[in-house]
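**Q** I am sharing data_9.cif, which consists of mmCIF, C-alpha atoms and all ligand atoms:
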data_coords
loop_
_atom_site.label_atom_id
_atom_site.label_comp_id
_atom_site.auth_asym_id
_atom_site.auth_seq_id
_atom_site.Cartn_x
_atom_site.Cartn_y
_atom_site.Cartn_z
CA MET A 885 -7.22 -54.92 -10.55
CA LEU A 886 -9.81 -52.63 -9.05
CA SER A 887 -12.70 -54.91 -10.03
CA THR A 888 -10.98 -58.01 -8.62
CA PHE A 889 -10.41 -56.14 -5.41
CA ALA A 890 -13.99 -54.90 -5.39
CA SER A 891 -15.50 -58.30 -6.05
CA ARG A 892 -13.40 -59.76 -3.22
CA ALA A 893 -14.45 -57.01 -0.90
CA LEU A 894 -18.11 -57.60 -1.67
CA GLY A 895 -17.83 -61.38 -1.35
CA THR A 896 -19.02 -61.92 -4.94
CA GLU A 897 -16.18 -64.38 -5.52
CA ARG A 898 -17.51 -66.63 -2.84
CA TRP A 899 -20.97 -66.57 -4.42
CA THR A 900 -19.52 -67.54 -7.84
CA TYR A 901 -17.51 -70.28 -6.24
CA ARG A 902 -20.61 -71.83 -4.70
CA LEU A 903 -22.35 -71.88 -8.05
CA LEU A 904 -19.44 -73.69 -9.69
CA ASN A 905 -19.21 -76.13 -6.84
CA GLN A 906 -22.82 -77.25 -7.34
CA ASN A 907 -22.26 -78.14 -11.00
CA THR A 908 -18.65 -79.33 -11.08
CA SER A 909 -19.28 -82.73 -12.59
CA SER A 910 -21.53 -81.70 -15.48
CA ILE A 911 -19.86 -78.48 -16.53
CA SER A 912 -17.99 -78.29 -19.85
CA ASN A 913 -14.82 -76.29 -20.65
CA GLN A 914 -16.91 -74.00 -22.83
CA ASN A 915 -19.20 -73.26 -19.89
CA GLN A 916 -16.29 -72.71 -17.54
CA THR A 917 -14.86 -70.03 -19.87
CA THR A 918 -18.28 -68.34 -20.10
CA ILE A 919 -18.64 -68.36 -16.34
CA ALA A 920 -15.12 -66.94 -15.89
CA TRP A 921 -15.97 -64.10 -18.32
CA SER A 922 -19.31 -63.31 -16.68
CA ARG A 923 -17.46 -63.21 -13.35
CA ARG A 924 -15.09 -60.57 -14.73
CA TRP A 925 -17.95 -58.53 -16.13
CA LYS A 926 -19.82 -58.59 -12.83
CA ALA A 927 -16.71 -57.59 -10.91
CA ALA A 928 -16.03 -54.80 -13.40
CA PHE A 929 -19.63 -53.64 -13.14
CA ILE A 930 -19.62 -53.58 -9.34
CA GLY A 931 -16.21 -51.87 -9.25
CA GLY A 932 -17.49 -49.25 -11.69
CA ALA A 933 -20.63 -48.73 -9.63
CA ILE A 934 -18.57 -48.15 -6.49
CA LEU A 935 -16.40 -45.67 -8.34
CA VAL A 936 -19.49 -43.77 -9.53
CA ILE A 937 -20.95 -43.73 -6.01
CA VAL A 938 -17.69 -42.44 -4.52
CA LEU A 939 -17.36 -39.71 -7.18
CA ALA A 940 -21.02 -38.69 -6.74
CA TRP A 941 -20.47 -38.53 -2.98
CA ILE A 942 -17.41 -36.26 -3.39
CA GLY A 943 -19.30 -34.10 -5.88
CA LEU A 944 -22.35 -33.70 -3.63
CA ALA A 945 -20.17 -32.86 -0.64
CA ALA A 946 -18.43 -30.15 -2.68
CA LEU A 947 -21.81 -28.80 -3.84
CA ALA A 948 -23.12 -28.76 -0.26
CA ARG A 949 -20.02 -26.85 0.81
CA ALA A 950 -20.52 -24.33 -2.00
CA LEU A 951 -24.21 -23.79 -1.13
CA ARG A 952 -23.76 -23.71 2.64
CA ILE A 953 -24.51 -20.38 4.34
CA LYS A 954 -21.28 -18.67 5.22
CA TYR A 955 -21.60 -17.40 8.77
CA VAL A 956 -20.24 -13.95 9.46
CA SER A 957 -19.87 -12.17 12.78
CA LEU A 958 -23.33 -10.58 12.47
CA ASP A 959 -25.00 -14.02 12.35
CA ARG A 960 -23.54 -14.95 15.70
CA TYR A 961 -24.03 -11.60 17.37
CA GLN A 962 -27.39 -12.29 19.09
CA ASP A 963 -25.83 -14.59 21.70
CA LEU A 964 -23.61 -11.84 22.98
CA CYS A 965 -25.88 -8.83 22.65
CA VAL A 966 -24.56 -5.74 24.39
CA SER A 967 -27.07 -3.19 23.10
CA SER A 968 -27.13 -1.40 26.46
CA TYR A 969 -23.56 -0.27 25.74
CA SER A 970 -24.11 0.99 22.20
CA THR A 971 -25.08 4.63 22.85
CA TYR A 972 -23.67 6.99 25.38
CA GLY A 973 -26.80 9.02 25.73
CA HIS A 974 -28.79 11.44 23.64
CA GLY A 975 -29.58 15.11 23.78
CA PRO A 976 -26.97 17.86 23.81
CA VAL A 977 -23.46 16.72 22.87
CA PHE A 978 -21.42 15.86 25.93
CA HIS A 979 -17.95 17.38 25.71
CA THR A 980 -15.18 15.35 27.24
CA PRO A 981 -12.45 17.60 28.67
CA PRO A 982 -8.98 16.95 27.12
CA ASN A 983 -7.54 15.57 30.36
CA ARG A 984 -10.19 12.83 30.34
CA ARG A 985 -9.49 11.86 26.71
CA ALA A 986 -6.76 9.48 25.60
CA VAL A 987 -5.10 8.27 22.46
CA VAL A 988 -3.92 4.77 23.24
CA THR A 989 -1.70 2.24 21.53
CA THR A 990 0.13 -0.82 22.85
CA LEU A 991 3.81 -1.76 22.78
CA TYR A 992 4.49 -5.51 23.01
CA SER A 993 8.13 -5.48 21.88
CA ASP A 994 11.00 -3.12 20.98
CA GLY A 995 10.41 -3.78 17.27
CA TYR A 996 7.49 -1.33 17.22
CA ALA A 997 9.09 1.33 19.44
CA ILE A 998 10.02 3.68 16.59
CA GLY A 999 6.62 3.17 14.99
CA VAL A 1000 4.95 4.10 18.27
CA ALA A 1001 7.21 7.15 18.67
CA VAL A 1002 6.35 8.44 15.18
CA LEU A 1003 2.65 7.77 15.86
CA GLY A 1004 2.82 9.76 19.10
CA HIS A 1005 4.67 12.58 17.41
CA SER A 1006 2.12 12.66 14.58
CA ALA A 1007 -0.75 12.89 17.11
CA LYS A 1008 0.95 15.82 18.86
CA ALA A 1009 1.71 17.52 15.54
CA ALA A 1010 -1.97 17.27 14.58
CA ASN A 1011 -2.86 18.97 17.89
CA ILE A 1012 -4.97 16.09 19.15
CA SER A 1013 -6.12 17.26 22.54
CA ALA A 1014 -5.77 14.12 24.62
CA ARG A 1015 -3.29 12.23 26.77
CA LEU A 1016 -1.11 9.67 25.02
CA LEU A 1017 -1.32 6.39 26.95
CA LEU A 1018 0.96 3.48 26.17
CA PRO A 1019 0.20 0.12 27.81
CA TYR A 1020 3.27 -2.14 27.42
CA PHE A 1021 4.69 -5.53 28.44
CA GLU A 1022 7.10 -5.00 31.30
CA HIS A 1023 9.38 -7.95 30.58
CA LYS A 1024 9.54 -7.54 26.81
CA VAL A 1025 9.99 -3.81 26.27
CA SER A 1026 13.43 -2.38 27.10
CA PRO A 1027 14.08 0.85 29.05
CA LYS A 1028 15.59 2.29 25.82
CA ALA A 1029 12.35 1.73 23.92
CA LEU A 1030 10.29 3.26 26.74
CA CYS A 1031 12.67 6.24 26.87
CA ILE A 1032 12.08 6.88 23.15
CA ALA A 1033 8.31 6.62 23.59
CA ARG A 1034 8.41 9.02 26.55
CA ALA A 1035 10.49 11.50 24.55
CA VAL A 1036 7.57 12.26 22.23
CA GLY A 1037 4.95 12.37 25.00
CA TRP A 1038 3.65 8.84 25.59
CA GLU A 1039 2.81 7.87 29.19
CA PRO A 1040 3.91 4.21 29.44
CA MET A 1041 1.89 1.95 31.75
CA PRO A 1042 2.76 -1.73 32.30
CA ILE A 1043 -0.08 -4.21 31.77
CA PRO A 1044 -0.35 -7.99 32.12
CA ARG A 1045 -0.63 -10.08 28.95
CA ILE A 1046 -4.00 -11.63 28.11
CA PRO A 1047 -3.23 -15.01 26.54
CA PRO A 1048 -5.33 -16.30 23.61
CA PRO A 1049 -8.40 -17.95 25.24
CA LYS A 1050 -8.19 -21.19 23.27
CA GLY A 1051 -4.44 -21.74 23.36
CA GLU A 1052 -1.41 -20.06 21.84
CA ASP A 1053 -1.43 -22.21 18.70
CA ALA A 1054 -5.04 -21.52 17.75
CA VAL A 1055 -4.14 -17.95 16.81
CA HIS A 1056 -2.10 -16.65 13.87
CA TRP A 1057 1.45 -16.13 15.21
CA ARG A 1058 1.30 -12.40 14.50
CA TYR A 1059 -1.81 -12.00 16.67
CA LYS A 1060 -0.73 -14.01 19.74
CA ASP A 1061 -0.37 -10.91 21.92
CA GLN A 1062 -3.38 -9.10 20.51
CA TYR A 1063 -5.97 -10.21 23.09
CA THR A 1064 -4.17 -7.88 25.48
CA LYS A 1065 -5.72 -5.04 23.47
CA LEU A 1066 -9.00 -5.84 25.26
CA SER A 1067 -7.52 -4.35 28.47
CA ILE A 1068 -7.90 -0.84 27.07
CA TRP A 1069 -11.54 -0.99 28.19
CA LYS A 1070 -10.20 -0.69 31.74
CA LEU A 1071 -8.81 2.80 31.09
CA ASP A 1072 -11.76 4.35 32.95
CA GLU A 1073 -9.78 3.36 36.06
CA MET A 1074 -7.12 5.81 34.82
CA GLY A 1075 -9.68 8.62 34.58
CA VAL A 1076 -10.31 8.25 30.84
CA ASP A 1077 -13.90 8.88 29.68
CA SER A 1078 -13.32 8.71 25.96
CA ALA A 1079 -10.49 7.08 24.00
CA VAL A 1080 -9.23 6.43 20.50
CA TYR A 1081 -7.16 3.30 20.14
CA LEU A 1082 -4.65 3.29 17.28
CA ASP A 1083 -2.58 0.29 16.17
CA ALA A 1084 1.16 0.83 16.48
CA ASP A 1085 1.45 0.67 12.67
CA THR A 1086 -0.80 3.69 12.13
CA MET A 1087 0.12 7.37 11.82
CA VAL A 1088 -2.00 10.49 12.34
CA ARG A 1089 -2.38 12.64 9.22
CA SER A 1090 -4.76 15.24 10.65
CA ASN A 1091 -6.82 16.05 13.73
CA PHE A 1092 -9.67 13.73 14.77
CA ASP A 1093 -10.80 15.36 18.04
CA GLU A 1094 -14.44 14.99 16.93
CA LEU A 1095 -14.23 11.26 17.75
CA PHE A 1096 -13.92 11.96 21.47
CA ASP A 1097 -17.37 13.53 21.52
CA SER A 1098 -19.17 10.79 19.62
CA PRO A 1099 -22.54 9.95 21.23
CA PHE A 1100 -21.80 6.28 20.57
CA ASN A 1101 -19.79 4.06 22.87
CA PHE A 1102 -18.04 2.17 20.14
CA ALA A 1103 -17.03 3.15 16.62
CA ALA A 1104 -14.74 1.50 14.08
CA ILE A 1105 -13.97 1.44 10.37
CA PRO A 1106 -14.95 -1.36 7.92
CA ASP A 1107 -12.09 -3.67 7.07
CA VAL A 1108 -10.36 -3.99 3.71
CA TRP A 1109 -8.20 -6.89 2.59
CA GLY A 1110 -5.63 -6.68 -0.17
CA GLY A 1111 -6.46 -10.03 -1.74
CA ARG A 1112 -9.64 -11.80 -2.83
CA ARG A 1113 -11.60 -10.80 0.29
CA GLY A 1114 -11.54 -7.09 -0.55
CA PHE A 1115 -14.01 -4.74 1.15
CA SER A 1116 -15.76 -6.16 4.20
CA VAL A 1117 -18.67 -5.21 6.49
CA ASP A 1118 -16.69 -6.41 9.48
CA PHE A 1119 -14.62 -3.66 11.03
CA ASN A 1120 -10.86 -3.45 11.32
CA ALA A 1121 -9.68 -3.36 14.94
CA GLY A 1122 -6.75 -1.05 14.16
CA VAL A 1123 -8.64 2.16 14.96
CA LEU A 1124 -11.34 2.15 17.64
CA ALA A 1125 -13.18 5.11 19.16
CA PHE A 1126 -14.72 3.96 22.43
CA ARG A 1127 -15.71 4.78 25.97
CA PRO A 1128 -13.70 2.65 28.37
CA SER A 1129 -15.75 0.64 30.84
CA THR A 1130 -14.31 -1.80 33.33
CA ALA A 1131 -17.82 -3.22 33.70
CA VAL A 1132 -17.97 -4.08 29.99
CA PHE A 1133 -14.44 -5.49 30.15
CA GLY A 1134 -15.30 -7.67 33.13
CA GLU A 1135 -18.55 -9.00 31.73
CA ARG A 1136 -17.08 -9.68 28.32
CA HIS A 1137 -13.98 -11.26 29.72
CA ALA A 1138 -15.59 -13.37 32.41
CA LYS A 1139 -18.44 -14.80 30.44
CA LYS A 1140 -17.97 -14.44 26.72
CA LEU A 1141 -14.37 -14.78 25.61
CA GLU A 1142 -14.20 -18.51 26.38
CA ILE A 1143 -17.55 -19.59 24.97
CA ALA A 1144 -17.80 -17.42 21.87
CA THR A 1145 -17.43 -19.04 18.44
CA TYR A 1146 -15.63 -17.00 15.81
CA PRO A 1147 -12.66 -17.41 13.44
CA ILE A 1148 -10.15 -17.85 16.26
CA VAL A 1149 -7.10 -17.36 14.00
CA GLU A 1150 -8.13 -13.74 13.58
CA ALA A 1151 -7.93 -13.28 17.35
CA GLU A 1152 -9.26 -10.16 19.09
CA GLN A 1153 -10.46 -8.50 15.87
CA ALA A 1154 -12.86 -11.36 15.12
CA PHE A 1155 -13.98 -11.42 18.74
CA LEU A 1156 -14.67 -7.68 18.78
CA ASN A 1157 -16.66 -8.00 15.55
CA LEU A 1158 -18.71 -10.72 17.16
CA TYR A 1159 -19.17 -8.79 20.39
CA PHE A 1160 -20.05 -5.36 19.01
CA GLY A 1161 -21.68 -6.73 15.86
CA PRO A 1162 -24.20 -4.33 14.34
CA THR A 1163 -24.11 -1.80 17.19
CA ALA A 1164 -20.66 -0.51 16.23
CA LEU A 1165 -20.87 2.84 14.54
CA ARG A 1166 -19.13 2.57 11.16
CA LEU A 1167 -16.81 5.47 10.42
CA PRO A 1168 -15.51 6.53 6.99
CA TYR A 1169 -12.24 5.13 5.66
CA ILE A 1170 -10.46 8.44 6.34
CA TYR A 1171 -10.23 7.39 10.00
CA ASN A 1172 -8.44 4.14 9.20
CA ALA A 1173 -6.96 4.55 5.73
CA ASN A 1174 -5.78 0.99 5.31
CA LEU A 1175 -3.13 0.60 2.57
CA ALA A 1176 -5.18 -2.34 1.29
CA ILE A 1177 -7.64 0.24 -0.11
CA LYS A 1178 -4.94 1.52 -2.44
CA ARG A 1179 -4.22 -2.00 -3.64
CA ARG A 1180 -7.91 -2.78 -4.28
CA ASN A 1181 -9.09 0.58 -5.54
CA PRO A 1182 -6.43 3.21 -6.29
CA ALA A 1183 -9.09 5.75 -7.38
CA LEU A 1184 -10.84 5.57 -4.00
CA TRP A 1185 -7.50 5.97 -2.27
CA LYS A 1186 -6.79 9.09 -4.28
CA ARG A 1187 -10.21 10.53 -3.37
CA ILE A 1188 -9.72 10.08 0.39
CA THR A 1189 -6.07 11.15 0.57
CA ASP A 1190 -6.69 14.85 1.30
CA GLU A 1191 -9.16 14.11 4.11
CA MET A 1192 -7.21 11.31 5.75
CA ARG A 1193 -7.08 11.41 9.57
CA VAL A 1194 -5.20 8.17 10.18
CA VAL A 1195 -3.16 6.08 7.73
CA HIS A 1196 -2.76 2.40 8.56
CA TYR A 1197 0.42 0.68 7.33
CA THR A 1198 -1.07 -2.78 6.95
CA LEU A 1199 0.63 -4.20 3.86
CA VAL A 1200 4.01 -2.54 4.39
CA LYS A 1201 5.52 -1.25 7.64
CA PRO A 1202 8.20 1.39 7.20
CA PHE A 1203 9.82 0.67 10.58
CA VAL A 1204 9.97 -3.12 10.39
CA SER A 1205 13.39 -4.52 9.69
CA ASN A 1206 13.79 -6.72 6.65
CA LEU A 1207 17.51 -6.93 7.28
CA GLY A 1208 17.57 -10.25 9.08
CA LYS A 1209 17.40 -8.62 12.51
CA PRO A 1210 14.80 -10.16 14.84
CA ALA A 1211 11.40 -8.51 14.40
CA ASP A 1212 11.34 -7.51 18.08
CA ALA A 1213 14.68 -5.65 18.02
CA LEU A 1214 15.05 -1.88 18.31
CA LEU A 1215 16.46 -0.47 15.07
CA SER A 1216 19.20 2.15 15.09
CA PRO A 1217 18.62 5.29 12.95
CA GLU A 1218 20.97 3.85 10.29
CA GLU A 1219 19.15 0.50 10.19
CA LEU A 1220 15.88 2.36 10.01
CA ASP A 1221 17.05 4.32 6.98
CA GLU A 1222 17.95 1.11 5.24
CA ALA A 1223 14.64 -0.54 6.19
CA VAL A 1224 12.61 2.40 4.85
CA THR A 1225 14.45 2.21 1.51
CA ILE A 1226 13.62 -1.49 1.20
CA VAL A 1227 9.97 -0.95 2.16
CA GLU A 1228 9.60 1.80 -0.45
CA GLY A 1229 10.31 -0.80 -3.13
CA GLN A 1230 7.85 -3.43 -1.85
CA TYR A 1231 4.72 -4.19 -3.91
CA GLY A 1232 6.57 -2.82 -6.93
CA GLY A 1233 6.84 0.58 -5.27
CA LEU A 1234 3.04 0.92 -4.91
CA PHE A 1235 3.33 2.53 -1.47
CA LYS A 1236 6.38 4.71 -2.06
CA GLU A 1237 4.39 7.90 -1.46
CA GLU A 1238 2.80 6.64 1.78
CA VAL A 1239 6.13 5.37 3.09
CA GLY A 1240 7.41 8.85 2.22
CA TRP A 1241 4.79 10.39 4.55
CA TRP A 1242 6.12 8.24 7.35
CA LYS A 1243 9.72 9.12 6.59
CA GLU A 1244 8.84 12.81 6.63
CA GLU A 1245 7.10 12.48 10.00
CA TYR A 1246 10.09 10.57 11.36
CA GLU A 1247 12.44 13.33 10.23
CA MET A 1248 10.24 16.01 11.83
CA MET A 1249 10.24 13.99 15.04
CA MET A 1250 14.03 13.78 14.99
CA MET A 1251 14.23 17.52 14.35
CA VAL A 1252 12.21 18.22 17.52
CA HIS A 1253 13.19 15.30 19.79
CA GLY A 1254 16.34 13.93 18.12
CA HIS A 1255 18.60 15.01 20.95
CA THR A 1256 16.53 13.23 23.63
CA ILE A 1257 16.08 10.15 21.45
CA GLU A 1258 19.84 9.90 20.83
CA GLN A 1259 20.35 9.96 24.60
CA CYS A 1260 17.83 7.10 24.92
CA TYR A 1261 19.85 5.02 22.44
CA SER A 1262 23.08 5.55 24.35
CA SER A 1263 21.55 5.09 27.81
C1 LIG B 1301 -1.34 23.18 16.20
O1 LIG B 1301 -1.35 24.24 17.10
C2 LIG B 1301 -0.29 25.17 16.92
C3 LIG B 1301 -0.32 26.17 18.03
O2 LIG B 1301 -1.62 26.60 18.30
C4 LIG B 1301 -0.40 25.80 15.54
O3 LIG B 1301 0.66 26.69 15.32
C5 LIG B 1301 -0.37 24.71 14.48
O4 LIG B 1301 -0.59 25.24 13.21
C6 LIG B 1301 -1.44 23.66 14.76
N1 LIG B 1301 -1.26 22.57 13.86
C7 LIG B 1301 -2.25 22.03 13.17
C8 LIG B 1301 -1.91 20.91 12.28
O5 LIG B 1301 -3.39 22.43 13.25
#
How would this structure read if it were set down as structure tokens?
Ligand SMILES: *[C@@H]1O[C@H](CO)[C@@H](O)[C@H](O)[C@H]1NC(C)=O
**A**
Amino acid sequence: MLSTFASRALGTERWTYRLLNQNTSSISNQNQTTIAWSRRWKAAFIGGAILVIVLAWIGLAALARALRIKYVSLDRYQDLCVSSYSTYGHGPVFHTPPNRRAVVTTLYSDGYAIGVAVLGHSAKAANISARLLLPYFEHKVSPKALCIARAVGWEPMPIPRIPPPKGEDAVHWRYKDQYTKLSIWKLDEMGVDSAVYLDADTMVRSNFDELFDSPFNFAAIPDVWGGRRGFSVDFNAGVLAFRPSTAVFGERHAKKLEIATYPIVEAEQAFLNLYFGPTALRLPYIYNANLAIKRRNPALWKRITDEMRVVHYTLVKPFVSNLGKPADALLSPEELDEAVTIVEGQYGGLFKEEVGWWKEEYEMMMMVHGHTIEQCYSS
């Protein structure tokens, strides 16, 4: 079948036909059979050769893919060099007064409101000496959610959304809003000299005031993935210690966001890795204790537990409903209780202790602010 097809495709049949045509009158039956057989052999041979070529081609392509250099953010960094921003200055340590420091997180929907409230409460409980600033989406966050955030000390401030630069569909659905995080560089306009950004799914375990006096303009913590990727040199964008600069925001935004090449599905985190590349100061895991560390290396997790400043609920989120309610809905205290119980059992109960930390912090928050928060719910 294949060889007949191949011989037709190559026009070999026509060649054979011409040969027969020349000798029609003198050819015997015996010869005709021989010619028919040699035709089949030729076709089979050519078909086989094509098959070998195709397989070799596929094999070589796979080999080339395997040997190809895998580009990481540091390879692409040189195009976007921002070395002038990397250090704040040298000499005696410059102390930023508490009213010019900020802890900042973002609230894009009601679904994270309780998470943000517990985060804010945990920062206060750890005596972080800074303002708590909460940029949020005006048309997506309800007055109830803002009321709860205010109750623990957040200062909400509406901000416009920054859409993904190469279209909504280019980005993983969970990261569609994440480019808006880049606006936090404009906080100098709010009188902030030094800031620590924390993802809404983090919680403060102990004081990290030292970060506000870092002599470097940008610091972050190397990323960890639960699966095959494991420990990475790229940083995780969930905890960032930085000096806001509208100038840096403007330059980066105007010129670089559109033209930069990076794994676009990973959104702002990949872009920030590209942009700050090797100049980012790498901080120890205690500043962004990603649950993925526990999954990859439980012994390391155990070693850093006592020193942890910030825990990052990456693989499980205690406040996210798994009860069929939309992910952007505000959970009632009862629904939250139920959600926490479910989350404790995820990953075979691997994170039961860490979810317990969150639950404890939530209960402390309700002890102090429960009355105000209840009023928010019924407002
Ligand atoms: C925070 O400060 C208060 C009052 O100074 C103190 O009682 C409390 O122990 C401090 N908490 C921590 C975690 O340092």
**Q** How would you write, as a list in words, the set of residues no farther than 7 Å from ligand LIG 1301 (chain B) when counting all atoms listed in the file?
**A** Ala1009, Ala1010, Asn1011 and Ser1090 of chain A
**Q** Please return the centre and edge lengths, in Å to one decimal, of a box with edges along x, y and z that contains all listed atoms of segment 1176-1194 of chain A, widened by 8 Å on every side, as lines of an AutoDock Vina configuration file.
**A**
center_x = -7.5
center_y = 6.0
center_z = 1.4
size_x = 22.6
size_y = 33.6
size_z = 33.6
**Q** Do you know which residues are at most 6 Å from segment 1022-1027 of chain A counting only C-alpha atoms, after dropping those on the same chain fewer than 5 positions away, and could you put them as a list in words?
**A**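 So the residues in contact are Ser993, Asp994 and Pro1042 of chain A.
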**Q** So how many Å separate atom CA of Asn1091 of chain A and atom CA of Arg985 of chain A, to one decimal?
**A**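 For atom CA of Asn1091 of chain A relative to atom CA of Arg985 of chain A, the distance reads 13.9 Å.
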**Q** Please provide the set of residues having any atom within 12 Å of Gly1111 of chain A, restricted to all atoms listed in the file, with same-chain residues fewer than 6 positions apart removed, written as an mmCIF file with C-alpha atoms, keeping the file's coordinate frame.
**A**
data_model
loop_
_atom_site.group_PDB
_atom_site.id
_atom_site.type_symbol
_atom_site.label_atom_id
_atom_site.label_comp_id
_atom_site.auth_asym_id
_atom_site.auth_seq_id
_atom_site.Cartn_x
_atom_site.Cartn_y
_atom_site.Cartn_z
ATOM 1 C CA LEU A 1175 -3.130 0.600 2.570
ATOM 2 C CA ALA A 1176 -5.180 -2.340 1.290
ATOM 3 C CA ILE A 1177 -7.640 0.240 -0.110
ATOM 4 C CA LYS A 1178 -4.940 1.520 -2.440
ATOM 5 C CA ARG A 1179 -4.220 -2.000 -3.640
ATOM 6 C CA ARG A 1180 -7.910 -2.780 -4.280
ATOM 7 C CA ASN A 1181 -9.090 0.580 -5.540
ATOM 8 C CA LEU A 1199 0.630 -4.200 3.860
#
**Q** Could you check which of A:Trp921, A:Val1200, A:Ile937, A:Pro1099 is closest to Tyr1231 of chain A, using only C-alpha atoms?
**A**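 Of A:Trp921, A:Val1200, A:Ile937, A:Pro1099, the one nearest Tyr1231 of chain A is A:Val1200, counting only C-alpha atoms.
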**Q** Find the spatial neighbours of Ser1098 of chain A, counting all atoms listed in the file, within a cut-off of 10 Å - ignore same-chain residues fewer than 3 positions away - and output them as a list in words.
**A** Thr971, Tyr972, Gly973, Val977, Phe978, His979, Thr980, Ser1078, Asp1093, Glu1094, Leu1095, Asn1101, Phe1102, Ala1103, Ala1125, Phe1126, Arg1127 and Leu1165 of chain A
**Q** State, in Å with one decimal place, the distance from atom CA of Asp1061 of chain A to atom CA of Met1041 of chain A.
**A**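 Separation between atom CA of Asp1061 of chain A and atom CA of Met1041 of chain A: 16.3 Å.
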**Q** Find the residues around Leu1141 of chain A up to 10 Å (all atoms listed in the file counted), leave out those fewer than 6 positions away in its own chain, and share them as a list of chain:residue names.
**A**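 That gives A:Pro1048, A:Pro1049, A:Lys1050, A:Tyr1063, A:Glu1135, A:Glu1152, A:Phe1155, A:Leu1156, A:Tyr1159.
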**Q** Any idea what the distance is between atom CA of Ala1035 of chain A and atom CA of Ile1012 of chain A?
**A** 17.0 Å
**Q** Show me, as JSON, numbers by chain, the residues that have an atom within 6 Å of Ser1116 of chain A when counting only C-alpha atoms, minus same-chain residues fewer than 2 positions from it.
**A** {"A": [1107, 1108, 1118]}
**Q** Could the residues in this selection be saved with C-alpha atoms as a CSV table (one decimal), in the frame of the given file?
**A**
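Produced file result_16.csv, reproduced below:
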chain,number,residue,atom,x,y,z
A,1107,ASP,CA,-12.1,-3.7,7.1
A,1108,VAL,CA,-10.4,-4.0,3.7
A,1118,ASP,CA,-16.7,-6.4,9.5
**Q** Between A:Ala1131, A:Leu1215, A:Val1227, A:Ala1154, which one has atoms that come closest to Gly999 of chain A, using only C-alpha atoms?
**A** A:Leu1215
**Q** With only C-alpha atoms as the basis for distance, which of A:Ser922, A:Gln1259, A:Thr1189, A:Thr1225 is at the shortest distance from Val1204 of chain A?
**A**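 Nearest to Val1204 of chain A: A:Thr1225.
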**Q** Using all atoms listed in the file for the distances, tell me which of A:Asn1157, A:Thr989, A:Gln1062, A:Thr1256 is nearest to Asp1085 of chain A.
**A**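 Among A:Asn1157, A:Thr989, A:Gln1062, A:Thr1256, it is A:Thr989 that comes nearest to Asp1085 of chain A.
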**Q** Measuring between only C-alpha atoms, which one of A:Pro1162, A:Met1192, A:Pro1217, A:Leu1071 shows the shortest distance to Val1132 of chain A?
**A**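 The shortest atom-to-atom distance to Val1132 of chain A comes from A:Leu1071.
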**Q** Ranking A:Trp925, A:Tyr1081, A:Tyr1020, A:Phe1203 by minimum distance to Val987 of chain A and counting all atoms listed in the file, which one comes first?
**A** A:Tyr1081
**Q** May I have the protein, DNA and RNA residues with any atom at most 12 Å from the point (-8.2, 15.8, 31.1), counting only C-alpha atoms, written as a short mmCIF file (atom, residue, chain, number, x, y, z; two decimals) with C-alpha atoms, in the coordinates of the input?
**A**
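See out.cif below for the written result:
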data_model
loop_
_atom_site.label_atom_id
_atom_site.label_comp_id
_atom_site.auth_asym_id
_atom_site.auth_seq_id
_atom_site.Cartn_x
_atom_site.Cartn_y
_atom_site.Cartn_z
CA HIS A 979 -17.95 17.38 25.71
CA THR A 980 -15.18 15.35 27.24
CA PRO A 981 -12.45 17.60 28.67
CA PRO A 982 -8.98 16.95 27.12
CA ASN A 983 -7.54 15.57 30.36
CA ARG A 984 -10.19 12.83 30.34
CA ARG A 985 -9.49 11.86 26.71
CA ALA A 986 -6.76 9.48 25.60
CA VAL A 987 -5.10 8.27 22.46
CA SER A 1013 -6.12 17.26 22.54
CA ALA A 1014 -5.77 14.12 24.62
CA ARG A 1015 -3.29 12.23 26.77
CA LEU A 1016 -1.11 9.67 25.02
CA MET A 1074 -7.12 5.81 34.82
CA GLY A 1075 -9.68 8.62 34.58
CA VAL A 1076 -10.31 8.25 30.84
CA ASP A 1077 -13.90 8.88 29.68
CA SER A 1078 -13.32 8.71 25.96
CA ALA A 1079 -10.49 7.08 24.00
CA PHE A 1096 -13.92 11.96 21.47
#
